[in-house]
file model09.txt (compact mmCIF, C-alpha atoms)
# COMPACT_ATOMS: atom_id res chain seq x y z
CA MET A 1 2.33 -7.36 21.86
CA TYR A 2 0.64 -5.92 18.80
CA ALA A 3 1.62 -5.33 15.18
CA ASP A 4 0.59 -2.97 12.38
CA LEU A 5 1.56 -4.52 9.05
CA HIS A 6 0.18 -1.95 6.59
CA LEU A 7 1.91 1.43 6.75
CA HIS A 8 3.06 4.14 4.35
CA THR A 9 5.62 6.94 4.42
CA HIS A 10 6.55 9.84 2.15
CA TYR A 11 8.51 7.33 0.05
CA SER A 12 5.14 6.71 -1.62
CA ASP A 13 1.89 8.52 -0.85
CA GLY A 14 2.13 8.94 2.91
CA THR A 15 3.13 12.14 4.70
CA TYR A 16 5.26 10.79 7.58
CA THR A 17 8.99 10.22 7.44
CA PRO A 18 10.05 6.76 8.61
CA GLU A 19 11.16 8.32 11.89
CA GLU A 20 7.80 10.02 12.41
CA LEU A 21 5.95 6.81 11.58
CA ALA A 22 8.05 4.73 13.97
CA GLU A 23 7.50 7.32 16.70
CA ARG A 24 3.73 7.20 16.17
CA GLY A 25 3.93 3.44 16.42
CA ARG A 26 5.83 3.68 19.70
CA GLU A 27 3.24 6.11 21.07
CA HIS A 28 0.46 3.62 20.27
CA GLY A 29 2.29 0.69 21.83
CA ILE A 30 2.94 -1.06 18.51
CA LYS A 31 5.77 -3.59 18.86
CA VAL A 32 5.98 -4.78 15.24
CA MET A 33 5.73 -2.53 12.18
CA ALA A 34 5.85 -3.35 8.47
CA LEU A 35 6.50 -0.64 5.89
CA THR A 36 4.41 -1.29 2.77
CA ASP A 37 4.87 1.71 0.52
CA HIS A 38 3.41 1.46 -2.98
CA ASP A 39 5.73 -0.17 -5.52
CA THR A 40 8.87 0.79 -3.59
CA ILE A 41 11.16 -0.44 -0.84
CA ASP A 42 13.15 2.80 -0.76
CA GLY A 43 12.13 3.68 2.80
CA CYS A 44 12.74 0.28 4.38
CA LYS A 45 16.36 0.75 5.46
CA GLN A 46 15.58 4.08 7.10
CA MET A 47 12.48 2.63 8.74
CA ALA A 48 14.46 -0.34 10.04
CA ILE A 49 16.89 1.99 11.82
CA ALA A 50 14.05 4.11 13.22
CA CYS A 51 12.36 0.99 14.60
CA VAL A 52 15.53 -0.38 16.20
CA GLU A 53 15.99 2.96 17.98
CA ARG A 54 12.49 2.56 19.48
CA ASP A 55 12.69 -1.14 20.34
CA ILE A 56 10.18 -2.03 17.60
CA GLU A 57 10.50 -5.14 15.44
CA PHE A 58 10.56 -4.25 11.74
CA ILE A 59 9.32 -6.21 8.72
CA PRO A 60 10.40 -4.95 5.27
CA GLY A 61 7.48 -4.94 2.87
CA CYS A 62 5.86 -3.41 -0.19
CA GLU A 63 2.35 -2.94 -1.59
CA PHE A 64 2.20 -4.08 -5.22
CA THR A 65 -0.46 -2.91 -7.66
CA VAL A 66 -1.41 -5.96 -9.74
CA GLU A 67 -3.99 -7.25 -12.18
CA LEU A 68 -5.99 -10.46 -12.28
CA ASP A 69 -8.11 -11.01 -15.39
CA GLY A 70 -8.47 -7.26 -15.90
CA PHE A 71 -9.29 -6.54 -12.26
CA GLU A 72 -6.92 -4.33 -10.25
CA LEU A 73 -6.03 -5.28 -6.69
CA HIS A 74 -3.17 -4.85 -4.24
CA LEU A 75 -0.82 -7.48 -2.86
CA LEU A 76 1.33 -6.97 0.22
CA GLY A 77 4.80 -8.54 0.25
CA TYR A 78 6.40 -9.20 3.66
CA PHE A 79 9.91 -10.15 4.82
CA LEU A 80 11.35 -9.05 1.48
CA ASP A 81 15.07 -9.29 0.76
CA LEU A 82 15.96 -5.65 0.10
CA GLN A 83 19.03 -6.73 -1.88
CA CYS A 84 17.10 -8.93 -4.34
CA ALA A 85 18.20 -7.69 -7.77
CA LYS A 86 15.06 -8.86 -9.57
CA LEU A 87 12.82 -7.17 -7.01
CA ILE A 88 14.72 -3.90 -7.33
CA ALA A 89 14.62 -4.01 -11.14
CA GLN A 90 10.89 -4.73 -11.29
CA LEU A 91 10.05 -1.99 -8.80
CA GLU A 92 12.13 0.50 -10.77
CA LYS A 93 10.14 -0.44 -13.88
CA TYR A 94 6.81 0.24 -12.22
CA GLN A 95 8.06 3.42 -10.57
CA ALA A 96 8.77 4.70 -14.10
CA VAL A 97 5.19 3.72 -15.02
CA ARG A 98 3.92 5.78 -12.08
CA GLN A 99 6.02 8.80 -13.10
CA ASN A 100 4.82 8.64 -16.71
CA ARG A 101 1.24 8.39 -15.47
CA ILE A 102 1.70 11.64 -13.54
CA HIS A 103 2.65 13.42 -16.78
CA GLU A 104 -0.38 12.00 -18.60
CA MET A 105 -2.84 12.92 -15.84
CA VAL A 106 -1.44 16.43 -15.50
CA SER A 107 -1.81 16.86 -19.27
CA ARG A 108 -5.50 15.87 -19.02
CA LEU A 109 -6.00 18.26 -16.12
CA ASN A 110 -4.44 21.08 -18.13
CA GLU A 111 -6.95 20.41 -20.91
CA LEU A 112 -9.69 20.75 -18.28
CA GLY A 113 -8.39 24.14 -17.18
CA VAL A 114 -6.50 22.95 -14.10
CA LYS A 115 -3.18 24.73 -14.50
CA ILE A 116 -0.68 22.65 -12.61
CA THR A 117 2.59 21.12 -13.84
CA SER A 118 4.22 17.73 -13.54
CA ASP A 119 7.08 19.44 -11.72
CA ASP A 120 4.58 20.73 -9.12
CA VAL A 121 3.49 17.15 -8.48
CA LEU A 122 6.93 15.55 -8.54
CA ASP A 123 8.28 18.25 -6.23
CA ILE A 124 5.57 17.67 -3.64
CA ALA A 125 5.97 13.89 -4.02
CA SER A 126 9.76 13.97 -3.71
CA CYS A 127 9.94 10.18 -4.16
CA ASN A 128 10.38 7.57 -6.88
CA SER A 129 6.83 6.25 -6.54
CA PRO A 130 4.43 9.19 -7.02
CA GLY A 131 0.69 8.66 -7.16
CA ARG A 132 -2.66 10.35 -7.53
CA PRO A 133 -2.69 11.70 -3.94
CA HIS A 134 0.28 13.87 -4.86
CA ILE A 135 -1.68 15.37 -7.74
CA GLY A 136 -4.60 15.92 -5.40
CA ARG A 137 -2.40 17.67 -2.85
CA VAL A 138 -1.17 20.09 -5.53
CA MET A 139 -4.75 20.78 -6.63
CA VAL A 140 -5.73 21.56 -3.03
CA ALA A 141 -2.66 23.77 -2.53
CA LYS A 142 -3.48 25.75 -5.68
CA GLY A 143 -7.15 26.15 -4.78
CA TYR A 144 -8.69 23.91 -7.45
CA CYS A 145 -10.20 21.59 -4.84
CA ARG A 146 -11.05 21.94 -1.17
CA SER A 147 -9.84 18.49 -0.17
CA LEU A 148 -7.99 15.45 -1.41
CA ASP A 149 -11.27 13.55 -1.51
CA GLU A 150 -12.82 16.22 -3.74
CA SER A 151 -9.91 15.97 -6.17
CA PHE A 152 -10.53 12.24 -6.55
CA GLN A 153 -14.31 12.56 -6.82
CA LYS A 154 -14.11 15.26 -9.49
CA TYR A 155 -11.01 14.35 -11.46
CA LEU A 156 -8.73 11.50 -10.36
CA LYS A 157 -10.66 8.33 -9.58
CA LYS A 158 -11.43 5.74 -12.24
CA GLY A 159 -14.03 7.00 -14.69
CA LYS A 160 -13.33 10.68 -13.95
CA PRO A 161 -11.93 13.00 -16.66
CA ALA A 162 -8.27 13.04 -15.58
CA TRP A 163 -7.97 9.33 -14.74
CA VAL A 164 -5.39 7.38 -16.73
CA PRO A 165 -5.07 3.57 -16.60
CA LYS A 166 -1.81 2.20 -15.23
CA ASP A 167 0.26 -0.67 -16.57
CA LYS A 168 0.45 -3.35 -13.88
CA MET A 169 2.19 -6.65 -13.34
CA SER A 170 -0.02 -9.72 -13.20
CA ALA A 171 -0.94 -11.14 -9.82
CA SER A 172 0.92 -14.37 -10.56
CA GLN A 173 4.02 -12.43 -11.60
CA ALA A 174 3.91 -10.39 -8.39
CA ILE A 175 3.49 -13.47 -6.20
CA ARG A 176 6.46 -15.14 -7.93
CA LEU A 177 8.51 -11.98 -7.43
CA ILE A 178 7.63 -11.78 -3.73
CA HIS A 179 8.57 -15.44 -3.27
CA GLU A 180 11.83 -15.00 -5.18
CA ALA A 181 12.63 -12.13 -2.80
CA GLY A 182 12.10 -14.52 0.12
CA GLY A 183 8.75 -13.08 1.15
CA LEU A 184 5.11 -13.84 1.77
CA ALA A 185 2.32 -12.63 -0.55
CA VAL A 186 -0.89 -11.37 1.04
CA ILE A 187 -4.02 -9.89 -0.54
CA ALA A 188 -4.58 -6.38 0.84
CA HIS A 189 -7.97 -5.15 2.16
CA PRO A 190 -10.12 -7.73 0.34
CA GLY A 191 -13.31 -6.21 1.71
CA LEU A 192 -12.82 -3.14 -0.47
CA TYR A 193 -12.98 -5.11 -3.71
CA HIS A 194 -16.31 -6.90 -3.29
CA ARG A 195 -14.70 -9.68 -5.33
CA ASP A 196 -14.12 -12.70 -3.14
CA ASP A 197 -14.03 -14.75 -6.34
CA VAL A 198 -10.43 -13.60 -6.89
CA ILE A 199 -9.16 -15.38 -3.77
CA SER A 200 -9.24 -18.95 -5.11
CA PRO A 201 -7.32 -18.08 -8.30
CA LEU A 202 -4.75 -16.23 -6.18
CA VAL A 203 -4.39 -19.27 -3.91
CA THR A 204 -3.79 -21.37 -7.02
CA VAL A 205 -0.80 -19.19 -8.00
CA GLY A 206 0.69 -19.13 -4.52
CA LEU A 207 -1.07 -16.59 -2.31
CA ASP A 208 0.12 -16.94 1.29
CA GLY A 209 -2.32 -14.83 3.30
CA ILE A 210 -5.30 -12.50 3.67
CA GLU A 211 -5.35 -9.10 5.36
CA CYS A 212 -8.36 -9.84 7.56
CA PHE A 213 -7.95 -7.03 10.10
CA TYR A 214 -8.19 -3.66 8.36
CA THR A 215 -9.36 -0.14 9.16
CA ARG A 216 -12.37 -0.29 6.84
CA HIS A 217 -13.36 -3.89 7.55
CA SER A 218 -16.42 -4.19 9.76
CA THR A 219 -16.47 -6.88 12.45
CA PRO A 220 -18.65 -9.21 10.30
CA MET A 221 -16.30 -8.61 7.36
CA THR A 222 -13.25 -9.45 9.48
CA GLU A 223 -14.93 -12.65 10.67
CA HIS A 224 -15.80 -13.53 7.08
CA TYR A 225 -12.19 -13.23 5.94
CA LEU A 226 -10.92 -15.12 8.97
CA MET A 227 -13.23 -17.93 7.87
CA LEU A 228 -11.92 -17.76 4.28
CA ALA A 229 -8.33 -17.78 5.54
CA GLU A 230 -9.07 -20.95 7.50
CA GLN A 231 -10.83 -22.57 4.53
CA HIS A 232 -7.87 -21.90 2.23
CA ALA A 233 -5.17 -22.55 4.87
CA LEU A 234 -3.92 -18.97 4.51
CA LEU A 235 -2.04 -16.78 6.95
CA VAL A 236 -3.87 -13.90 8.65
CA THR A 237 -2.47 -10.35 8.66
CA GLY A 238 -3.76 -6.89 9.49
CA GLY A 239 -2.90 -3.23 9.47
CA SER A 240 -4.19 0.31 9.58
CA ASP A 241 -3.11 1.46 6.08
CA CYS A 242 -1.81 4.63 7.72
CA HIS A 243 -0.86 7.37 5.25
CA GLY A 244 -0.04 9.99 7.86
CA ASP A 245 -2.14 13.14 7.53
CA ASN A 246 -2.86 12.49 3.85
CA LYS A 247 -6.37 11.10 4.31
CA GLY A 248 -7.73 12.98 7.29
CA ARG A 249 -6.80 11.21 10.52
CA PRO A 250 -3.55 9.22 10.67
CA LEU A 251 -5.24 5.82 11.36
CA ILE A 252 -2.23 4.23 13.08
CA GLY A 253 -3.32 2.61 16.32
CA GLY A 254 -6.75 1.80 14.92
CA VAL A 255 -5.76 -1.77 14.05
CA LYS A 256 -3.62 -3.80 16.42
CA LEU A 257 -2.82 -7.28 15.15
CA PRO A 258 -2.01 -9.79 17.91
CA TYR A 259 1.61 -10.92 17.78
CA SER A 260 0.57 -14.55 17.44
CA TYR A 261 -0.24 -13.87 13.78
CA VAL A 262 3.26 -12.51 13.20
CA GLU A 263 4.65 -15.67 14.76
CA GLN A 264 2.63 -17.74 12.29
CA MET A 265 4.08 -15.71 9.42
CA LYS A 266 7.60 -16.31 10.69
CA SER A 267 6.89 -19.98 11.12
CA ALA A 268 5.73 -20.19 7.50
CA LEU A 269 9.10 -18.77 6.43
CA SER A 270 11.07 -20.42 9.25
CA VAL A 271 12.37 -16.95 10.12
call {"tool": "encode", "arguments": {"input": "model09.txt", "output": "structure tokens"}}
result
Amino acid sequence: MYADLHLHTHYSDGTYTPEELAERGREHGIKVMALTDHDTIDGCKQMAIACVERDIEFIPGCEFTVELDGFELHLLGYFLDLQCAKLIAQLEKYQAVRQNRIHEMVSRLNELGVKITSDDVLDIASCNSPGRPHIGRVMVAKGYCRSLDESFQKYLKKGKPAWVPKDKMSASQAIRLIHEAGGLAVIAHPGLYHRDDVISPLVTVGLDGIECFYTRHSTPMTEHYLMLAEQHALLVTGGSDCHGDNKGRPLIGGVKLPYSYVEQMKSALSV
């Protein structure tokens, strides 16, 4: 039995519906799936139903954008209580931040001669948690860029002319929130940050695990993070970070986490 614990739908910046995502998981023989849309749990109930219909175990999750001493990183929350009032309120706050950021970035693009509107972006996003990929998709659709990657390289990534910083919760605040919602807090794709020095401070404020198995982690990188997980007595997770067709190939099926790691997560929560 294998799991994929890092997945996105159209409720954030993926392209699949929960039903389409669950079906792709079934096709790849995935037996456990976690939905980790950015700053939202809106798709979890629908995904749970889709998984039950396909005999797939479902873990409700979320990918939180956080900050540690001025450095941005992502934390994955697993086994979240979808009825937790504080979790819902905090996510709604940061969804509003995302929506306001869309308006600011579109305004900068307009000044650069890219004539798109916020409504164009919000329409194509059709969710409460829009992000830069939605802007990129509009730019491609209107002929300003040939690909999503080009839109980021020219305009949308940090340091480019249309980039706007985003207000974020602190890492310690996010970890507390995840724990208050009954969940486990895991650092996402640490190999992408080139900042292993953030792991110890995160452990100090309650980090539960490391995403060791990841699409863009090489074998030596995976082994390195497995070693760090053992050193810090952290749980091990993994996932494909599938965004559907948003970023070229769908990715699902590329990472298959052995079920024994899911059992360790459940044991940590006594699920």
call {"tool": "closest_residue", "arguments": {"input": "model09.txt", "among": "A:Asp241, A:Asp167, A:Asp42, A:Glu180", "to": "A:Tyr11", "atoms": "all atoms listed in the file"}}
result
A:Asp42
call {"tool": "closest_residue", "arguments": {"input": "model09.txt", "among": "A:Ala3, A:Leu75, A:Cys242, A:Ile135", "to": "A:Leu156", "atoms": "all atoms listed in the file"}}
result
A:Ile135
call {"tool": "closest_residue", "arguments": {"input": "model09.txt", "among": "A:Phe71, A:Trp163, A:Tyr2, A:Tyr144", "to": "A:His194", "atoms": "only C-alpha atoms"}}
result
A:Phe71
call {"tool": "residues_around", "arguments": {"input": "model09.txt", "residues": "A:Thr15", "least_positions_apart": "5", "cutoff": "6 Å", "atoms": "all atoms listed in the file", "output": "PyMOL selection string"}}
result
chain A and resi 9-10+244
call {"tool": "write_last_selection", "arguments": {"input": "model09.txt", "atoms": "C-alpha atoms", "output": "compact mmCIF listing (two decimals), in the frame of the given file"}}
result
# COMPACT_ATOMS: atom_id res chain seq x y z
CA THR A 9 5.62 6.94 4.42
CA HIS A 10 6.55 9.84 2.15
CA GLY A 244 -0.04 9.99 7.86
call {"tool": "residues_around", "arguments": {"input": "model09.txt", "residues": "A:Arg54", "least_positions_apart": "5", "cutoff": "9 Å", "atoms": "only C-alpha atoms", "output": "PDB file with C-alpha atoms, in the frame of the given file"}}
result
ATOM      1  CA  ALA A  22       8.050   4.730  13.970  1.00  0.00           C
ATOM      2  CA  GLU A  23       7.500   7.320  16.700  1.00  0.00           C
ATOM      3  CA  ARG A  26       5.830   3.680  19.700  1.00  0.00           C
ATOM      4  CA  ILE A  49      16.890   1.990  11.820  1.00  0.00           C
TER       5      ILE A  49
END
call {"tool": "atom_distance", "arguments": {"input": "model09.txt", "atom1": "atom CA of A:Asp208", "atom2": "atom CA of A:Ala48"}}
result
23.6 Å
call {"tool": "residues_near_point", "arguments": {"input": "model09.txt", "point": "(10.7, -14.9, -2.3)", "cutoff": "12 Å", "atoms": "all atoms listed in the file", "output": "ChimeraX atom specification"}}
result
/A:61,77-87,173-185,206-208,269
call {"tool": "atom_distance", "arguments": {"input": "model09.txt", "atom1": "atom CA of A:Ile102", "atom2": "atom CA of A:Thr36"}}
result
21.0 Å
call {"tool": "closest_residue", "arguments": {"input": "model09.txt", "among": "A:Glu53, A:Asp13, A:Glu211, A:Glu27", "to": "A:Ser240", "atoms": "all atoms listed in the file"}}
result
A:Glu211
call {"tool": "atom_distance", "arguments": {"input": "model09.txt", "atom1": "atom CA of A:Val114", "atom2": "atom CA of A:Ala96"}}
result
23.8 Å
call {"tool": "residues_around", "arguments": {"input": "model09.txt", "residues": "stretch 225-229 of chain A", "least_positions_apart": "3", "cutoff": "10 Å", "atoms": "all atoms listed in the file", "output": "list in words"}}
result
His189, Pro190, Gly191, Asp196, Ile199, Ser200, Asp208, Gly209, Ile210, Glu211, Cys212, Phe213, His217, Pro220, Met221, Thr222, His232, Ala233, Leu234, Leu235, Val236 and Thr237 of chain A
call {"tool": "closest_residue", "arguments": {"input": "model09.txt", "among": "A:Leu122, A:Ile252, A:Val186, A:Ala50", "to": "A:Pro18", "atoms": "all atoms listed in the file"}}
result
A:Ala50
call {"tool": "residues_around", "arguments": {"input": "model09.txt", "residues": "A:Asp69", "least_positions_apart": "3", "cutoff": "12 Å", "atoms": "all atoms listed in the file", "output": "PyMOL selection string"}}
result
chain A and resi 66+72-73+168-172+197-198+201-202
call {"tool": "closest_residue", "arguments": {"input": "model09.txt", "among": "A:Leu91, A:Ser12, A:Ser147, A:Glu104", "to": "A:Ala125", "atoms": "all atoms listed in the file"}}
result
A:Ser12
call {"tool": "residues_around", "arguments": {"input": "model09.txt", "residues": "A:Asn100", "least_positions_apart": "4", "cutoff": "12 Å", "atoms": "all atoms listed in the file", "output": "list in words"}}
result
Lys93, Tyr94, Gln95, Ala96, Glu104, Met105, Val106, Ser107, Ser118, Val121, Leu122, Asn128, Ser129, Pro130, Gly131, Arg132, Val164, Pro165, Lys166 and Asp167 of chain A
call {"tool": "build_atoms", "arguments": {"input": "model09.txt", "residues": "stretch 105-131 of chain A", "atoms": "N, CA and C atoms", "output": "compact mmCIF listing (two decimals), keeping the file's coordinate frame"}}
result
# COMPACT_ATOMS: atom_id res chain seq x y z
N MET A 105 -1.69 12.39 -16.57
CA MET A 105 -2.84 12.92 -15.84
C MET A 105 -2.78 14.44 -15.73
N VAL A 106 -1.59 14.97 -15.55
CA VAL A 106 -1.44 16.43 -15.50
C VAL A 106 -1.82 17.04 -16.85
N SER A 107 -1.45 16.37 -17.94
CA SER A 107 -1.81 16.86 -19.27
C SER A 107 -3.34 16.91 -19.43
N ARG A 108 -4.03 15.89 -18.95
CA ARG A 108 -5.50 15.87 -19.02
C ARG A 108 -6.10 16.98 -18.16
N LEU A 109 -5.52 17.19 -16.99
CA LEU A 109 -6.00 18.26 -16.12
C LEU A 109 -5.81 19.63 -16.77
N ASN A 110 -4.69 19.82 -17.44
CA ASN A 110 -4.44 21.08 -18.13
C ASN A 110 -5.52 21.33 -19.19
N GLU A 111 -5.90 20.28 -19.90
CA GLU A 111 -6.95 20.41 -20.91
C GLU A 111 -8.30 20.78 -20.29
N LEU A 112 -8.46 20.44 -19.01
CA LEU A 112 -9.69 20.75 -18.28
C LEU A 112 -9.63 22.10 -17.57
N GLY A 113 -8.53 22.81 -17.78
CA GLY A 113 -8.39 24.14 -17.18
C GLY A 113 -7.72 24.16 -15.82
N VAL A 114 -7.22 23.02 -15.38
CA VAL A 114 -6.50 22.95 -14.10
C VAL A 114 -5.02 23.17 -14.41
N LYS A 115 -4.52 24.33 -14.09
CA LYS A 115 -3.18 24.73 -14.50
C LYS A 115 -2.13 24.37 -13.42
N ILE A 116 -1.79 23.10 -13.43
CA ILE A 116 -0.68 22.65 -12.61
C ILE A 116 0.34 21.99 -13.53
N THR A 117 1.55 21.75 -13.03
CA THR A 117 2.59 21.12 -13.84
C THR A 117 3.04 19.80 -13.22
N SER A 118 3.67 18.99 -14.05
CA SER A 118 4.22 17.73 -13.54
C SER A 118 5.28 18.01 -12.49
N ASP A 119 6.05 19.09 -12.70
CA ASP A 119 7.08 19.44 -11.72
C ASP A 119 6.45 19.77 -10.36
N ASP A 120 5.28 20.44 -10.38
CA ASP A 120 4.58 20.73 -9.12
C ASP A 120 4.32 19.43 -8.36
N VAL A 121 3.85 18.42 -9.10
CA VAL A 121 3.49 17.15 -8.48
C VAL A 121 4.72 16.39 -8.02
N LEU A 122 5.73 16.30 -8.89
CA LEU A 122 6.93 15.55 -8.54
C LEU A 122 7.70 16.21 -7.41
N ASP A 123 7.62 17.53 -7.33
CA ASP A 123 8.28 18.25 -6.23
C ASP A 123 7.61 17.93 -4.89
N ILE A 124 6.27 17.94 -4.90
CA ILE A 124 5.57 17.67 -3.64
C ILE A 124 5.68 16.19 -3.27
N ALA A 125 5.81 15.32 -4.29
CA ALA A 125 5.97 13.89 -4.02
C ALA A 125 7.36 13.61 -3.47
N SER A 126 8.37 14.14 -4.15
CA SER A 126 9.76 13.97 -3.71
C SER A 126 10.10 12.51 -3.42
N CYS A 127 9.65 11.61 -4.32
CA CYS A 127 9.94 10.18 -4.16
C CYS A 127 9.92 9.54 -5.54
N ASN A 128 10.33 8.28 -5.61
CA ASN A 128 10.38 7.57 -6.88
C ASN A 128 9.05 6.91 -7.24
N SER A 129 8.10 6.95 -6.33
CA SER A 129 6.83 6.25 -6.54
C SER A 129 5.64 7.18 -6.34
N PRO A 130 5.53 8.23 -7.18
CA PRO A 130 4.43 9.19 -7.02
C PRO A 130 3.09 8.59 -7.41
N GLY A 131 2.02 9.17 -6.87
CA GLY A 131 0.69 8.66 -7.16
C GLY A 131 -0.34 9.77 -7.22
